[in-house]
>>> print(open('final_29.cif').read())   # mmCIF, N, CA and C atoms
data_coords
#
loop_
_atom_site.label_atom_id
_atom_site.label_comp_id
_atom_site.auth_asym_id
_atom_site.auth_seq_id
_atom_site.Cartn_x
_atom_site.Cartn_y
_atom_site.Cartn_z
N GLY A 1 -113.39 19.16 -31.44
CA GLY A 1 -112.84 19.64 -30.22
C GLY A 1 -111.72 18.74 -29.75
N ALA A 2 -110.99 19.23 -28.81
CA ALA A 2 -109.86 18.48 -28.24
C ALA A 2 -110.12 18.22 -26.76
N PHE A 3 -109.67 17.07 -26.32
CA PHE A 3 -109.74 16.69 -24.91
C PHE A 3 -108.32 16.37 -24.47
N ILE A 4 -107.87 17.00 -23.41
CA ILE A 4 -106.51 16.80 -22.91
C ILE A 4 -106.61 16.30 -21.48
N LEU A 5 -105.97 15.18 -21.21
CA LEU A 5 -105.99 14.58 -19.88
C LEU A 5 -104.56 14.32 -19.41
N PHE A 6 -104.19 14.93 -18.31
CA PHE A 6 -102.95 14.60 -17.62
C PHE A 6 -103.35 14.19 -16.21
N ASP A 7 -102.98 12.99 -15.80
CA ASP A 7 -103.45 12.47 -14.52
C ASP A 7 -102.50 11.38 -14.02
N ASN A 8 -102.74 10.94 -12.81
CA ASN A 8 -102.04 9.79 -12.25
C ASN A 8 -102.80 8.54 -12.66
N PHE A 9 -102.06 7.51 -13.04
CA PHE A 9 -102.64 6.24 -13.44
C PHE A 9 -101.99 5.14 -12.61
N PRO A 10 -102.72 4.06 -12.38
CA PRO A 10 -102.12 2.97 -11.60
C PRO A 10 -101.01 2.29 -12.39
N PRO A 11 -99.96 1.86 -11.72
CA PRO A 11 -98.90 1.10 -12.40
C PRO A 11 -99.47 -0.20 -12.99
N SER A 12 -98.87 -0.69 -14.05
CA SER A 12 -99.39 -1.89 -14.70
C SER A 12 -99.03 -3.18 -13.95
N HIS A 13 -97.94 -3.18 -13.23
CA HIS A 13 -97.52 -4.39 -12.51
C HIS A 13 -98.21 -4.43 -11.14
N PRO A 14 -98.84 -5.57 -10.78
CA PRO A 14 -99.57 -5.67 -9.51
C PRO A 14 -98.72 -5.36 -8.27
N ASP A 15 -97.47 -5.79 -8.25
CA ASP A 15 -96.62 -5.50 -7.08
C ASP A 15 -96.38 -4.00 -6.94
N ASP A 16 -96.22 -3.31 -8.06
CA ASP A 16 -96.04 -1.86 -8.02
C ASP A 16 -97.29 -1.18 -7.52
N ARG A 17 -98.47 -1.66 -7.97
CA ARG A 17 -99.73 -1.08 -7.50
C ARG A 17 -99.87 -1.24 -6.00
N ASP A 18 -99.54 -2.42 -5.50
CA ASP A 18 -99.65 -2.67 -4.06
C ASP A 18 -98.72 -1.77 -3.26
N LEU A 19 -97.50 -1.58 -3.75
CA LEU A 19 -96.54 -0.72 -3.07
C LEU A 19 -97.01 0.73 -3.05
N ILE A 20 -97.47 1.23 -4.19
CA ILE A 20 -97.97 2.61 -4.27
C ILE A 20 -99.16 2.78 -3.33
N GLU A 21 -100.06 1.82 -3.32
CA GLU A 21 -101.22 1.87 -2.44
C GLU A 21 -100.79 1.92 -0.97
N LEU A 22 -99.82 1.11 -0.61
CA LEU A 22 -99.33 1.07 0.76
C LEU A 22 -98.69 2.40 1.15
N LEU A 23 -97.93 3.00 0.25
CA LEU A 23 -97.21 4.23 0.56
C LEU A 23 -98.10 5.48 0.54
N THR A 24 -99.21 5.43 -0.18
CA THR A 24 -99.99 6.66 -0.37
C THR A 24 -101.34 6.69 0.35
N CYS A 25 -101.79 5.57 0.87
CA CYS A 25 -103.12 5.54 1.49
C CYS A 25 -103.04 5.07 2.94
N ARG A 26 -103.93 5.63 3.74
CA ARG A 26 -104.06 5.15 5.11
C ARG A 26 -104.74 3.78 5.09
N GLU A 27 -104.53 3.02 6.14
CA GLU A 27 -105.11 1.68 6.23
C GLU A 27 -106.63 1.73 6.11
N THR A 28 -107.28 2.70 6.76
CA THR A 28 -108.74 2.78 6.68
C THR A 28 -109.20 3.10 5.27
N ASP A 29 -108.45 3.92 4.54
CA ASP A 29 -108.80 4.23 3.15
C ASP A 29 -108.69 2.99 2.27
N ARG A 30 -107.65 2.19 2.49
CA ARG A 30 -107.49 0.95 1.72
C ARG A 30 -108.64 -0.01 1.97
N LYS A 31 -109.06 -0.11 3.24
CA LYS A 31 -110.17 -1.01 3.57
C LYS A 31 -111.47 -0.52 2.94
N LEU A 32 -111.72 0.78 2.98
CA LEU A 32 -112.93 1.33 2.37
C LEU A 32 -112.93 1.12 0.85
N GLU A 33 -111.79 1.34 0.23
CA GLU A 33 -111.69 1.15 -1.22
C GLU A 33 -111.92 -0.30 -1.59
N ALA A 34 -111.33 -1.22 -0.84
CA ALA A 34 -111.51 -2.64 -1.12
C ALA A 34 -112.96 -3.08 -0.93
N ALA A 35 -113.61 -2.54 0.08
CA ALA A 35 -115.00 -2.90 0.36
C ALA A 35 -115.94 -2.36 -0.72
N GLY A 36 -115.59 -1.23 -1.31
CA GLY A 36 -116.44 -0.63 -2.33
C GLY A 36 -116.15 -1.13 -3.73
N ASN A 37 -115.21 -2.05 -3.87
CA ASN A 37 -114.83 -2.58 -5.18
C ASN A 37 -114.44 -1.45 -6.13
N ASP A 38 -113.78 -0.45 -5.61
CA ASP A 38 -113.35 0.71 -6.38
C ASP A 38 -111.97 0.43 -6.96
N HIS A 39 -111.74 0.87 -8.18
CA HIS A 39 -110.42 0.72 -8.77
C HIS A 39 -110.17 1.86 -9.75
N GLU A 40 -108.91 2.18 -9.93
CA GLU A 40 -108.52 3.19 -10.89
C GLU A 40 -108.43 2.54 -12.27
N ALA A 41 -108.88 3.25 -13.28
CA ALA A 41 -108.74 2.76 -14.65
C ALA A 41 -107.29 2.93 -15.09
N SER A 42 -106.80 1.94 -15.80
CA SER A 42 -105.42 2.00 -16.29
C SER A 42 -105.29 3.01 -17.43
N PHE A 43 -104.07 3.32 -17.77
CA PHE A 43 -103.78 4.21 -18.89
C PHE A 43 -104.40 3.63 -20.17
N GLU A 44 -104.22 2.32 -20.38
CA GLU A 44 -104.75 1.66 -21.56
C GLU A 44 -106.28 1.69 -21.58
N GLU A 45 -106.90 1.54 -20.41
CA GLU A 45 -108.36 1.61 -20.33
C GLU A 45 -108.87 3.00 -20.70
N HIS A 46 -108.17 4.02 -20.29
CA HIS A 46 -108.55 5.38 -20.69
C HIS A 46 -108.49 5.53 -22.21
N LEU A 47 -107.44 5.00 -22.82
CA LEU A 47 -107.32 5.07 -24.28
C LEU A 47 -108.50 4.35 -24.95
N ARG A 48 -108.83 3.14 -24.47
CA ARG A 48 -109.95 2.38 -25.05
C ARG A 48 -111.28 3.11 -24.88
N GLN A 49 -111.50 3.67 -23.69
CA GLN A 49 -112.77 4.35 -23.43
C GLN A 49 -112.93 5.61 -24.29
N LEU A 50 -111.87 6.37 -24.45
CA LEU A 50 -111.95 7.56 -25.30
C LEU A 50 -112.27 7.18 -26.74
N ARG A 51 -111.65 6.13 -27.23
CA ARG A 51 -111.95 5.66 -28.60
C ARG A 51 -113.40 5.19 -28.69
N ALA A 52 -113.88 4.48 -27.67
CA ALA A 52 -115.26 3.99 -27.66
C ALA A 52 -116.27 5.14 -27.61
N LEU A 53 -115.87 6.27 -27.04
CA LEU A 53 -116.75 7.43 -26.96
C LEU A 53 -116.78 8.26 -28.24
N GLY A 54 -116.02 7.81 -29.24
CA GLY A 54 -116.10 8.47 -30.53
C GLY A 54 -114.95 9.40 -30.86
N PHE A 55 -113.94 9.44 -30.01
CA PHE A 55 -112.77 10.24 -30.34
C PHE A 55 -111.99 9.50 -31.42
N GLY A 56 -111.78 10.15 -32.57
CA GLY A 56 -111.15 9.49 -33.70
C GLY A 56 -109.64 9.44 -33.62
N HIS A 57 -109.06 10.36 -32.93
CA HIS A 57 -107.60 10.43 -32.86
C HIS A 57 -107.21 10.53 -31.38
N VAL A 58 -106.81 9.42 -30.79
CA VAL A 58 -106.45 9.36 -29.37
C VAL A 58 -104.95 9.09 -29.29
N VAL A 59 -104.22 10.06 -28.71
CA VAL A 59 -102.76 9.98 -28.72
C VAL A 59 -102.21 10.03 -27.30
N PRO A 60 -101.52 8.96 -26.87
CA PRO A 60 -100.80 9.05 -25.60
C PRO A 60 -99.56 9.92 -25.82
N VAL A 61 -99.43 10.98 -25.04
CA VAL A 61 -98.32 11.92 -25.27
C VAL A 61 -97.23 11.82 -24.21
N PHE A 62 -97.54 11.16 -23.09
CA PHE A 62 -96.57 11.12 -22.01
C PHE A 62 -96.97 10.02 -21.04
N LEU A 63 -96.01 9.21 -20.60
CA LEU A 63 -96.25 8.24 -19.53
C LEU A 63 -94.94 7.99 -18.82
N GLU A 64 -94.88 8.44 -17.57
CA GLU A 64 -93.68 8.30 -16.74
C GLU A 64 -94.13 7.92 -15.34
N ALA A 65 -93.73 6.74 -14.90
CA ALA A 65 -94.14 6.22 -13.60
C ALA A 65 -95.66 6.20 -13.54
N ARG A 66 -96.27 6.97 -12.66
CA ARG A 66 -97.74 6.99 -12.53
C ARG A 66 -98.37 8.13 -13.29
N TYR A 67 -97.62 9.04 -13.82
CA TYR A 67 -98.16 10.25 -14.44
C TYR A 67 -98.20 10.10 -15.95
N GLY A 68 -99.36 10.39 -16.55
CA GLY A 68 -99.47 10.23 -17.98
C GLY A 68 -100.35 11.30 -18.61
N GLY A 69 -100.22 11.44 -19.91
CA GLY A 69 -101.01 12.43 -20.63
C GLY A 69 -101.58 11.83 -21.91
N ILE A 70 -102.82 12.22 -22.22
CA ILE A 70 -103.51 11.76 -23.42
C ILE A 70 -104.15 12.98 -24.07
N VAL A 71 -104.04 13.06 -25.38
CA VAL A 71 -104.75 14.08 -26.16
C VAL A 71 -105.68 13.34 -27.11
N ALA A 72 -106.94 13.75 -27.15
CA ALA A 72 -107.92 13.11 -28.01
C ALA A 72 -108.69 14.19 -28.76
N TYR A 73 -108.99 13.91 -30.02
CA TYR A 73 -109.70 14.87 -30.87
C TYR A 73 -111.02 14.25 -31.34
N LYS A 74 -112.01 15.14 -31.47
CA LYS A 74 -113.30 14.69 -31.96
C LYS A 74 -113.76 15.62 -33.04
#
>>> encode(input="final_29.cif", output="structure tokens")
Amino acid sequence: GAFILFDNFPPSHPDDRDLIELLTCRETDRKLEAAGNDHEASFEEHLRQLRALGFGHVVPVFLEARYGGIVAYK
């Protein structure tokens, strides 16, 4: 089977992540997220996790700013 994922991913540079967070979230949302130790998985983490789950062919097909796409086959 095939798994196709197109989603928003956090920027790799910490300053970029902070700026995106500031521009897209309300202050109360940022505080709740920080208190819950919640974080978005990076594009690279998604690739690693798909491979760890047994997908033999994991292909990044698109990555532009925060938007990326991955196709994985099993």
>>> atom_distance(input="final_29.cif", atom1="atom CA of A:Glu64", atom2="atom C of A:Ala52")
25.3 Å
>>> residues_around(input="final_29.cif", residues="A:Ala2", least_positions_apart="3", cutoff="7 Å", atoms="only C-alpha atoms", output="JSON list (two decimals) with N, CA and C atoms, in the frame of the given file")
[["chain", "number", "residue", "atom", "x", "y", "z"],
["A", 72, "ALA", "N", -106.94, 13.75, -27.15],
["A", 72, "ALA", "CA", -107.92, 13.11, -28.01],
["A", 72, "ALA", "C", -108.69, 14.19, -28.76],
["A", 73, "TYR", "N", -108.99, 13.91, -30.02],
["A", 73, "TYR", "CA", -109.70, 14.87, -30.87],
["A", 73, "TYR", "C", -111.02, 14.25, -31.34],
["A", 74, "LYS", "N", -112.01, 15.14, -31.47],
["A", 74, "LYS", "CA", -113.30, 14.69, -31.96],
["A", 74, "LYS", "C", -113.76, 15.62, -33.04]]
>>> closest_residue(input="final_29.cif", among="A:Ala41, A:Val59, A:Ile70, A:Leu47", to="A:Phe9", atoms="only C-alpha atoms")
A:Ala41
>>> resolve_selection(input="final_29.cif", expression="the PyMOL selection byres (((chain A and resi 8 and name CA) around 6) and name CA)", output="PDB file with N, CA and C atoms, in the coordinates of the input")
ATOM      1  N   ASP A   7    -102.980  12.990 -15.800  1.00  0.00           N
ATOM      2  CA  ASP A   7    -103.450  12.470 -14.520  1.00  0.00           C
ATOM      3  C   ASP A   7    -102.500  11.380 -14.020  1.00  0.00           C
ATOM      4  N   PHE A   9    -102.060   7.510 -13.040  1.00  0.00           N
ATOM      5  CA  PHE A   9    -102.640   6.240 -13.440  1.00  0.00           C
ATOM      6  C   PHE A   9    -101.990   5.140 -12.610  1.00  0.00           C
ATOM      7  N   ARG A  66     -96.270   6.970 -12.660  1.00  0.00           N
ATOM      8  CA  ARG A  66     -97.740   6.990 -12.530  1.00  0.00           C
ATOM      9  C   ARG A  66     -98.370   8.130 -13.290  1.00  0.00           C
ATOM     10  N   TYR A  67     -97.620   9.040 -13.820  1.00  0.00           N
ATOM     11  CA  TYR A  67     -98.160  10.250 -14.440  1.00  0.00           C
ATOM     12  C   TYR A  67     -98.200  10.100 -15.950  1.00  0.00           C
TER      13      TYR A  67
END
>>> atom_distance(input="final_29.cif", atom1="atom C of A:Gly1", atom2="atom C of A:Phe43")
19.3 Å
>>> residues_near_point(input="final_29.cif", point="(-105.2, 15.0, -22.1)", cutoff="6 Å", atoms="only C-alpha atoms", output="PyMOL selection string")
chain A and resi 3-6+69-71
>>> atom_distance(input="final_29.cif", atom1="atom C of A:Ala65", atom2="atom C of A:Glu44")
14.1 Å
>>> axis_aligned_box(input="final_29.cif", around="stretch 3-13 of chain A", padding_each_side="5 Å", output="AutoDock Vina command-line options")
--center_x -103.6 --center_y 6.3 --center_z -18.7 --size_x 22.2 --size_y 31.5 --size_z 25.2
